[in-house]
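Remarks on the structure that follows.
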Amino acid sequence: MSRENQLRLVLTDIHFLIPLAVLGVGIALLFAIH
Amino acid sequence: MTAPTPAQSRLRTASRHVSHHGLGVLCGIGAGVWLGAAEAPTKLVNAGLSPYAISLCMVAGVFTARWSIPTLLKGTRSVFADLDRNRQLIPFAILAGMLWAVANTLTVFAIRDVGLAIAFPLWNTNALVGILWGRLLFGELKGAGAANIARVVLGATAIVAAAVMLGFSTMQSVSVHGGHPLGGIIAAAGASLLWGSMYIPYRKAYLSGMNPLSFITIFTIGELITMFALVLAFDKGTFSLLLHSPETREKLFWLFLGGFVWVIGDLFQQFATKYLGIGRGIPLSNTNQLWGLAWGALVFGELAHADAAHRMLVVAGSLVMIAGAIAVSTAIATARESSSTQDAMERECARYDLERAHVQHSMSGLGSTGPAFPADQGRPWWDWLILACSVGVFVVLGLQARVPALTMNFLWTGILTLILIASAAICAWALWKTTRFS
C-alpha cells in the first residue's frame, strides 16, 4: 500500500477523526478558560 | 503428533482467553498502584514552579523513561521493526500523546478553580467515556451477557463514586478557589472526555497487532511537543521561569522520578487495555486514587487532622472502590463477546491491508512472527547508549537534587515502596511468562 493511500485511510478513519475532534474541543476549552 | 480436535482447540482458546483476562486484570491493578505512587515524588516539589512547568518537567521524565524501558525490554530494533510494520498507527500514537497533554493541562485549571476534591472525581468519569467508545467503536461488551455488562458498568460507576468519596475525604474545609467554578467544572469534564477518548488510539493499536512498548515511544513525542507548546503559549512563553530559574534544577529529579514511576504505571495500563479492552482496563487503572491517597495519608500525614467523618469517608470510599474493581475483574468476556473483538480486528486488517496471521499472533500475546525476530540479532550499540543516557540523566539530576524539609513517615514509605516493587515484579513476571512482553 502506498504512503499516500495509507495517509488517506488514516485521515478518513473514524478512529482518527473522533479523537482529533475531541482534541480540538480540548484546545478550544484551554483558550476559553485561560 | 496428532492434530487437536475442534473441542480441544476450543478448550485451548477458552483457557488462553481466561489467562489473558487474568493477565489484564493483574496489569490493571499494577497500573493503579504505580500511577497512584507517581504523585508521591511531586509532593516533594513545593511552590515556585508553575503547573505548566511541573507538567513539562514530568513529561520530560516520562520521555526519558518511555524510550529507555522499551529499549531495555525489547531493544530498539524490535521497536522500530514494529513501527515500520504499523506505520499507519504513528499518527494515532502522536494524537493520543497530544490528547494526554491537553487533558493534563485542563486538570491544572480544574484544580485551580474547583479544587482537587471536585475535579478528580469529575475527570475520573473517563472510565464511562471509555466504556461508551469501546462499545461504539470496537464492539466491546457486544454479545456479553447481562451479568457481565452489569459488572463492568456498575463496577466502573462504583469506582467513580468511590473517587467522589475519597475526593471529599481529603477536603478538610470549604476553601475558596480561583473564582471560576463553572470554568473549573468544564475543564474537568473536558479532561474526562479527552482522557476517555485517548484510549481509542490505544485500543486500535493493539487490535492492529502493535506492541504497547512500541506505541508509547511515539505517543511520548506527541506528549512532549504539545506540553512544550503549551508552556510557550500559556506560561509566559520563552520568559517562563522554567527556562531560566537555577532553582528548577534542584527540583527536576523529583519531577523526573514522578514521570518515571508514572510511565511504569502507564505501561501496565497499556497492557491492561490490550488484554482487557477499554471498558475493563480504564476502571481498574483508575483505582490509582486509592494508592495516591495511601501515599498522601500514610507517608505525608495528609489526613492527620481529619475528623471521624472524613476518616469514615476514606474507609467507605476505599471499600466501594475495591468492590468496583472486583466487579470489573470478574467480568470475563464470553466467546460471543470475543468474536466481536475478532470482528474489530478483521476491520483493521481489511482497511489497512494488514497480515492477519501476524495480527492474530500478536493479539494472542505470542509476540512477533517471521523467520528473524529482530531482537535475536543482539543489541546494537545505540541501545546501550540510550540506556546509559537515561541512567546518566537521573544520576546528574539526583546529584543536584535537594531533599526538602518535609515530615515523612519512613516506615510507611518503606512498606508502600515494597508493595510497589512487588506489584511490578509480579506483573512483569506474568507478562514475560505469558507473552514475552508482546
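By convention in this document, the chains of the C-alpha cells carry letters A, B, ... by their order, each chain's residues are numbered from 1, and ligands are numbered from 1 in the order they are shown.
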Exercise for the section: Skip Leu224 (chain B) itself and residues of its chain fewer than 5 positions away, then list as a list in words all residues within 9 Å of it, counting only C-alpha atoms. Expected result: Leu56, Val59, Ala60, Val62, Phe63, Gly97, Met98, Ala101, Phe219 and Ala229 of chain B
Go ahead and save the residues from that selection, with C-alpha atoms, as a PDB file, in the first residue's frame.
ATOM      1  CA  LEU B  56       6.558  19.753  31.331  1.00  0.00           C
ATOM      2  CA  VAL B  59       6.715  14.804  30.743  1.00  0.00           C
ATOM      3  CA  ALA B  60      10.462  15.184  30.146  1.00  0.00           C
ATOM      4  CA  VAL B  62       8.246  10.445  31.059  1.00  0.00           C
ATOM      5  CA  PHE B  63      10.004  10.881  27.703  1.00  0.00           C
ATOM      6  CA  GLY B  97       0.017  11.865  23.233  1.00  0.00           C
ATOM      7  CA  MET B  98      -1.426  15.270  22.335  1.00  0.00           C
ATOM      8  CA  ALA B 101      -1.009  16.649  27.325  1.00  0.00           C
ATOM      9  CA  PHE B 219       2.985   8.536  21.994  1.00  0.00           C
ATOM     10  CA  ALA B 229       3.913  24.249  23.036  1.00  0.00           C
TER      11      ALA B 229
END
Report the closest atom pair, with its distance in Å rounded to one decimal, for each residue of chain A that has an atom no farther than 9 Å from chain B; count only C-alpha atoms, sort by chain and then rising residue number, and write it as a Markdown table.
| residue | atom | partner | partner_atom | distance |
| --- | --- | --- | --- | --- |
| A:Met1 | CA | B:Asp353 | CA | 7.6 |
| A:Arg3 | CA | B:Gln88 | CA | 8.7 |
| A:Gln6 | CA | B:Gln88 | CA | 6.3 |
| A:Leu7 | CA | B:Gln88 | CA | 7.1 |
| A:Leu9 | CA | B:Tyr352 | CA | 7.6 |
| A:Val10 | CA | B:Gln88 | CA | 6.7 |
| A:Ile14 | CA | B:Leu137 | CA | 8.5 |
| A:His15 | CA | B:Ile200 | CA | 6.5 |
| A:Phe16 | CA | B:Phe92 | CA | 6.5 |
| A:Ile18 | CA | B:Ser197 | CA | 7.9 |
| A:Pro19 | CA | B:Ser197 | CA | 5.8 |
| A:Leu20 | CA | B:Leu95 | CA | 7.1 |
| A:Val22 | CA | B:Leu194 | CA | 6.2 |
| A:Leu23 | CA | B:Leu99 | CA | 5.8 |
| A:Val25 | CA | B:Gly190 | CA | 7.8 |
| A:Gly26 | CA | B:Gly190 | CA | 6.2 |
| A:Ile27 | CA | B:Val102 | CA | 6.8 |
| A:Leu29 | CA | B:Ala187 | CA | 7.0 |
| A:Leu30 | CA | B:Leu106 | CA | 6.6 |
| A:Ala32 | CA | B:Gly183 | CA | 8.6 |
| A:Ile33 | CA | B:Gly183 | CA | 6.1 |
| A:His34 | CA | B:Phe234 | CA | 7.7 |
Those residues with N, CA and C atoms, as a PDB file, in the first residue's frame please?
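The result, stored in result_37.pdb:
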ATOM      1  N   MET A   1       0.852  -1.197   0.000  1.00  0.00           N
ATOM      2  CA  MET A   1       0.000   0.000   0.000  1.00  0.00           C
ATOM      3  C   MET A   1       0.893   1.254   0.000  1.00  0.00           C
ATOM      4  N   ARG A   3       2.188   5.134   0.578  1.00  0.00           N
ATOM      5  CA  ARG A   3       2.089   6.012   1.754  1.00  0.00           C
ATOM      6  C   ARG A   3       0.907   6.970   1.628  1.00  0.00           C
ATOM      7  N   GLN A   6      -2.198   5.155   2.389  1.00  0.00           N
ATOM      8  CA  GLN A   6      -2.250   4.865   3.830  1.00  0.00           C
ATOM      9  C   GLN A   6      -2.668   6.128   4.607  1.00  0.00           C
ATOM     10  N   LEU A   7      -2.082   7.257   4.198  1.00  0.00           N
ATOM     11  CA  LEU A   7      -2.407   8.524   4.865  1.00  0.00           C
ATOM     12  C   LEU A   7      -3.874   8.895   4.641  1.00  0.00           C
ATOM     13  N   LEU A   9      -6.304   6.843   4.184  1.00  0.00           N
ATOM     14  CA  LEU A   9      -7.115   5.956   5.030  1.00  0.00           C
ATOM     15  C   LEU A   9      -7.116   6.420   6.487  1.00  0.00           C
ATOM     16  N   VAL A  10      -5.937   6.865   6.939  1.00  0.00           N
ATOM     17  CA  VAL A  10      -5.841   7.350   8.330  1.00  0.00           C
ATOM     18  C   VAL A  10      -6.717   8.595   8.515  1.00  0.00           C
ATOM     19  N   ILE A  14     -12.630   6.867  11.189  1.00  0.00           N
ATOM     20  CA  ILE A  14     -13.436   7.385  12.304  1.00  0.00           C
ATOM     21  C   ILE A  14     -12.657   7.305  13.625  1.00  0.00           C
ATOM     22  N   HIS A  15     -11.756   6.320  13.722  1.00  0.00           N
ATOM     23  CA  HIS A  15     -10.940   6.161  14.938  1.00  0.00           C
ATOM     24  C   HIS A  15      -9.910   7.284  15.068  1.00  0.00           C
ATOM     25  N   PHE A  16      -9.643   7.974  13.963  1.00  0.00           N
ATOM     26  CA  PHE A  16      -8.731   9.118  13.991  1.00  0.00           C
ATOM     27  C   PHE A  16      -9.535  10.407  14.130  1.00  0.00           C
ATOM     28  N   ILE A  18     -12.552  11.017  15.418  1.00  0.00           N
ATOM     29  CA  ILE A  18     -13.194  11.301  16.726  1.00  0.00           C
ATOM     30  C   ILE A  18     -12.170  11.864  17.722  1.00  0.00           C
ATOM     31  N   PRO A  19     -11.013  11.185  17.947  1.00  0.00           N
ATOM     32  CA  PRO A  19     -10.041  11.783  18.870  1.00  0.00           C
ATOM     33  C   PRO A  19      -9.550  13.151  18.399  1.00  0.00           C
ATOM     34  N   LEU A  20      -9.431  13.343  17.079  1.00  0.00           N
ATOM     35  CA  LEU A  20      -8.987  14.638  16.562  1.00  0.00           C
ATOM     36  C   LEU A  20     -10.004  15.729  16.910  1.00  0.00           C
ATOM     37  N   VAL A  22     -12.106  15.629  19.365  1.00  0.00           N
ATOM     38  CA  VAL A  22     -12.048  15.806  20.834  1.00  0.00           C
ATOM     39  C   VAL A  22     -10.849  16.684  21.206  1.00  0.00           C
ATOM     40  N   LEU A  23      -9.721  16.475  20.511  1.00  0.00           N
ATOM     41  CA  LEU A  23      -8.536  17.310  20.765  1.00  0.00           C
ATOM     42  C   LEU A  23      -8.860  18.774  20.461  1.00  0.00           C
ATOM     43  N   VAL A  25     -11.756  20.193  20.666  1.00  0.00           N
ATOM     44  CA  VAL A  25     -12.601  20.669  21.775  1.00  0.00           C
ATOM     45  C   VAL A  25     -11.714  21.035  22.970  1.00  0.00           C
ATOM     46  N   GLY A  26     -10.753  20.167  23.257  1.00  0.00           N
ATOM     47  CA  GLY A  26      -9.854  20.399  24.399  1.00  0.00           C
ATOM     48  C   GLY A  26      -9.056  21.680  24.243  1.00  0.00           C
ATOM     49  N   ILE A  27      -8.507  21.898  23.048  1.00  0.00           N
ATOM     50  CA  ILE A  27      -7.691  23.110  22.818  1.00  0.00           C
ATOM     51  C   ILE A  27      -8.598  24.366  22.897  1.00  0.00           C
ATOM     52  N   LEU A  29     -11.264  24.649  24.675  1.00  0.00           N
ATOM     53  CA  LEU A  29     -11.552  24.834  26.105  1.00  0.00           C
ATOM     54  C   LEU A  29     -10.390  25.544  26.796  1.00  0.00           C
ATOM     55  N   LEU A  30      -9.163  25.129  26.470  1.00  0.00           N
ATOM     56  CA  LEU A  30      -7.980  25.750  27.090  1.00  0.00           C
ATOM     57  C   LEU A  30      -7.956  27.251  26.816  1.00  0.00           C
ATOM     58  N   ALA A  32     -10.472  29.111  26.021  1.00  0.00           N
ATOM     59  CA  ALA A  32     -11.625  29.779  26.648  1.00  0.00           C
ATOM     60  C   ALA A  32     -11.399  29.988  28.144  1.00  0.00           C
ATOM     61  N   ILE A  33     -10.768  29.021  28.782  1.00  0.00           N
ATOM     62  CA  ILE A  33     -10.622  29.065  30.250  1.00  0.00           C
ATOM     63  C   ILE A  33      -9.425  29.900  30.672  1.00  0.00           C
ATOM     64  N   HIS A  34      -8.352  29.843  29.873  1.00  0.00           N
ATOM     65  CA  HIS A  34      -7.089  30.506  30.259  1.00  0.00           C
ATOM     66  C   HIS A  34      -7.298  32.018  30.473  1.00  0.00           C
TER      67      HIS A  34
END
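From CA of Thr417 (chain B) back to CA of Leu293 (chain B), the distance works out to 14.4 Å.
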Handout entry: Residue set, region 96-201 of chain B restricted to alpha helix (DSSP H), as a VMD selection string
Key = chain B and resid 96 to 114 116 to 123 126 to 138 146 to 169 181 to 197 199 to 201
With C-alpha atoms retained, export the selected residues as a tab-separated table (two decimals), in the first residue's frame.
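Printed below is part.tsv as written:
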chain	number	residue	atom	x	y	z
B	96	ALA	CA	-3.03	10.14	21.73
B	97	GLY	CA	0.02	11.86	23.23
B	98	MET	CA	-1.43	15.27	22.34
B	99	LEU	CA	-4.75	14.33	23.95
B	100	TRP	CA	-2.93	13.37	27.13
B	101	ALA	CA	-1.01	16.65	27.32
B	102	VAL	CA	-4.06	18.87	26.72
B	103	ALA	CA	-6.15	16.87	29.22
B	104	ASN	CA	-3.40	17.12	31.81
B	105	THR	CA	-3.30	20.90	31.38
B	106	LEU	CA	-7.09	21.12	31.69
B	107	THR	CA	-6.81	19.36	35.05
B	108	VAL	CA	-4.47	22.14	36.20
B	109	PHE	CA	-7.24	24.68	35.56
B	110	ALA	CA	-9.84	22.41	37.13
B	111	ILE	CA	-7.81	22.07	40.33
B	112	ARG	CA	-7.20	25.83	40.39
B	113	ASP	CA	-10.90	26.67	40.04
B	114	VAL	CA	-12.80	23.98	41.94
B	116	LEU	CA	-8.86	18.51	43.60
B	117	ALA	CA	-11.76	17.06	45.61
B	118	ILE	CA	-14.32	18.03	42.99
B	119	ALA	CA	-12.09	17.94	39.92
B	120	PHE	CA	-10.59	14.45	40.42
B	121	PRO	CA	-13.87	12.50	40.51
B	122	LEU	CA	-15.11	14.51	37.53
B	123	TRP	CA	-12.21	13.58	35.28
B	126	ASN	CA	-13.23	8.99	31.75
B	127	ALA	CA	-13.87	5.30	32.50
B	128	LEU	CA	-17.52	5.77	31.48
B	129	VAL	CA	-16.46	7.66	28.33
B	130	GLY	CA	-14.12	4.75	27.58
B	131	ILE	CA	-16.90	2.19	28.01
B	132	LEU	CA	-19.02	4.17	25.53
B	133	TRP	CA	-16.25	4.35	22.89
B	134	GLY	CA	-15.33	0.73	23.50
B	135	ARG	CA	-18.90	-0.32	22.78
B	136	LEU	CA	-19.50	2.01	19.82
B	137	LEU	CA	-16.17	1.69	18.02
B	138	PHE	CA	-14.73	-1.69	18.95
B	146	ALA	CA	-26.41	-9.12	31.21
B	147	ALA	CA	-24.32	-10.13	34.23
B	148	ASN	CA	-21.04	-9.12	32.57
B	149	ILE	CA	-22.46	-5.81	31.33
B	150	ALA	CA	-23.76	-5.09	34.82
B	151	ARG	CA	-20.39	-5.97	36.38
B	152	VAL	CA	-18.46	-3.65	34.05
B	153	VAL	CA	-20.90	-0.71	34.10
B	154	LEU	CA	-21.73	-0.90	37.81
B	155	GLY	CA	-18.10	-1.64	38.70
B	156	ALA	CA	-16.89	1.41	36.76
B	157	THR	CA	-19.66	3.54	38.28
B	158	ALA	CA	-18.71	2.32	41.77
B	159	ILE	CA	-15.09	3.33	41.14
B	160	VAL	CA	-16.23	6.82	40.09
B	161	ALA	CA	-18.50	7.04	43.16
B	162	ALA	CA	-15.61	5.95	45.36
B	163	ALA	CA	-13.46	8.65	43.74
B	164	VAL	CA	-16.07	11.20	44.81
B	165	MET	CA	-15.97	9.88	48.39
B	166	LEU	CA	-12.17	9.79	48.56
B	167	GLY	CA	-12.01	13.22	46.97
B	168	PHE	CA	-14.26	14.73	49.60
B	169	SER	CA	-12.40	12.93	52.37
B	181	PRO	CA	-16.26	27.32	39.41
B	182	LEU	CA	-18.08	26.80	36.12
B	183	GLY	CA	-14.80	27.06	34.20
B	184	GLY	CA	-13.24	24.52	36.58
B	185	ILE	CA	-16.06	22.04	36.16
B	186	ILE	CA	-15.97	22.42	32.36
B	187	ALA	CA	-12.19	21.91	32.42
B	188	ALA	CA	-12.53	18.71	34.50
B	189	ALA	CA	-15.31	17.42	32.24
B	190	GLY	CA	-13.15	18.24	29.22
B	191	ALA	CA	-10.23	16.31	30.73
B	192	SER	CA	-12.56	13.34	31.23
B	193	LEU	CA	-13.64	13.48	27.58
B	194	LEU	CA	-10.04	13.75	26.36
B	195	TRP	CA	-8.67	11.03	28.63
B	196	GLY	CA	-11.59	8.73	27.81
B	197	SER	CA	-11.08	9.30	24.06
B	199	TYR	CA	-7.96	5.10	24.64
B	200	ILE	CA	-9.39	4.92	21.09
B	201	PRO	CA	-5.89	5.06	19.54
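In this structure, CA of Gly30 (chain B) sits 8.0 Å away from CA of Gln269 (chain B).
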Practice task
Find the residues near Glu355 (chain B): any atom within 12 Å, counting only C-alpha atoms, skip ones fewer than 5 places away on the same chain, and give them as a ChimeraX atom specification.
Solution key: /B:85-86,208-210,345-346,348-350,360-362,368-370
Could the residues in this selection be saved with N, CA and C atoms as a CSV table (one decimal), in the first residue's frame?
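Result written to selection17.csv:
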chain,number,residue,atom,x,y,z
B,85,ARG,N,6.2,-1.9,10.5
B,85,ARG,CA,5.1,-2.8,10.1
B,85,ARG,C,3.8,-2.1,10.3
B,86,ASN,N,3.7,-1.1,11.2
B,86,ASN,CA,2.4,-0.4,11.5
B,86,ASN,C,2.5,1.1,11.4
B,208,SER,N,-4.5,-3.9,16.0
B,208,SER,CA,-3.7,-4.0,14.8
B,208,SER,C,-2.4,-4.8,15.0
B,209,GLY,N,-2.2,-5.3,16.2
B,209,GLY,CA,-1.1,-6.1,16.4
B,209,GLY,C,0.2,-5.4,16.9
B,210,MET,N,0.0,-4.1,17.2
B,210,MET,CA,1.2,-3.4,17.7
B,210,MET,C,1.5,-3.7,19.1
B,345,MET,N,-10.9,-6.6,14.9
B,345,MET,CA,-9.5,-6.9,14.4
B,345,MET,C,-9.6,-7.1,12.9
B,346,GLU,N,-10.6,-7.8,12.4
B,346,GLU,CA,-10.8,-8.0,11.0
B,346,GLU,C,-10.9,-6.7,10.2
B,348,GLU,N,-9.6,-3.8,11.0
B,348,GLU,CA,-8.3,-3.2,10.8
B,348,GLU,C,-7.5,-3.9,9.7
B,349,CYS,N,-7.6,-5.2,9.7
B,349,CYS,CA,-6.8,-6.0,8.7
B,349,CYS,C,-7.3,-5.6,7.3
B,350,ALA,N,-8.6,-5.5,7.2
B,350,ALA,CA,-9.2,-5.3,5.8
B,350,ALA,C,-8.8,-3.8,5.4
B,360,GLN,N,-3.2,-11.6,14.5
B,360,GLN,CA,-3.8,-12.6,15.4
B,360,GLN,C,-2.7,-13.1,16.4
B,361,HIS,N,-1.5,-13.4,15.9
B,361,HIS,CA,-0.5,-13.9,16.7
B,361,HIS,C,-0.1,-12.9,17.8
B,362,SER,N,0.0,-11.6,17.4
B,362,SER,CA,0.3,-10.6,18.4
B,362,SER,C,-0.8,-10.3,19.4
B,368,SER,N,6.0,-11.5,18.0
B,368,SER,CA,6.2,-11.3,16.5
B,368,SER,C,6.4,-12.6,15.8
B,369,THR,N,6.0,-12.7,14.6
B,369,THR,CA,6.2,-13.9,13.8
B,369,THR,C,7.4,-13.6,12.8
B,370,GLY,N,7.7,-14.5,12.0
B,370,GLY,CA,8.7,-14.3,11.0
B,370,GLY,C,10.0,-15.0,11.3
Practice task
Find the residues near Gly75 (chain B): any atom within 9 Å, counting only C-alpha atoms, skip ones fewer than 2 places away on the same chain, and give them as a PyMOL selection string.
Solution key: chain B and resi 70-73+77-80+374-375+378-380+383
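Residue nearest Gly259 (chain B), chosen from B:Ala40, B:Ala344, B:Leu411, B:Leu418 and counting only C-alpha atoms: B:Ala40.
The coordinates place CA of Phe256 (chain B) at 5.3 Å from CA of Met58 (chain B).
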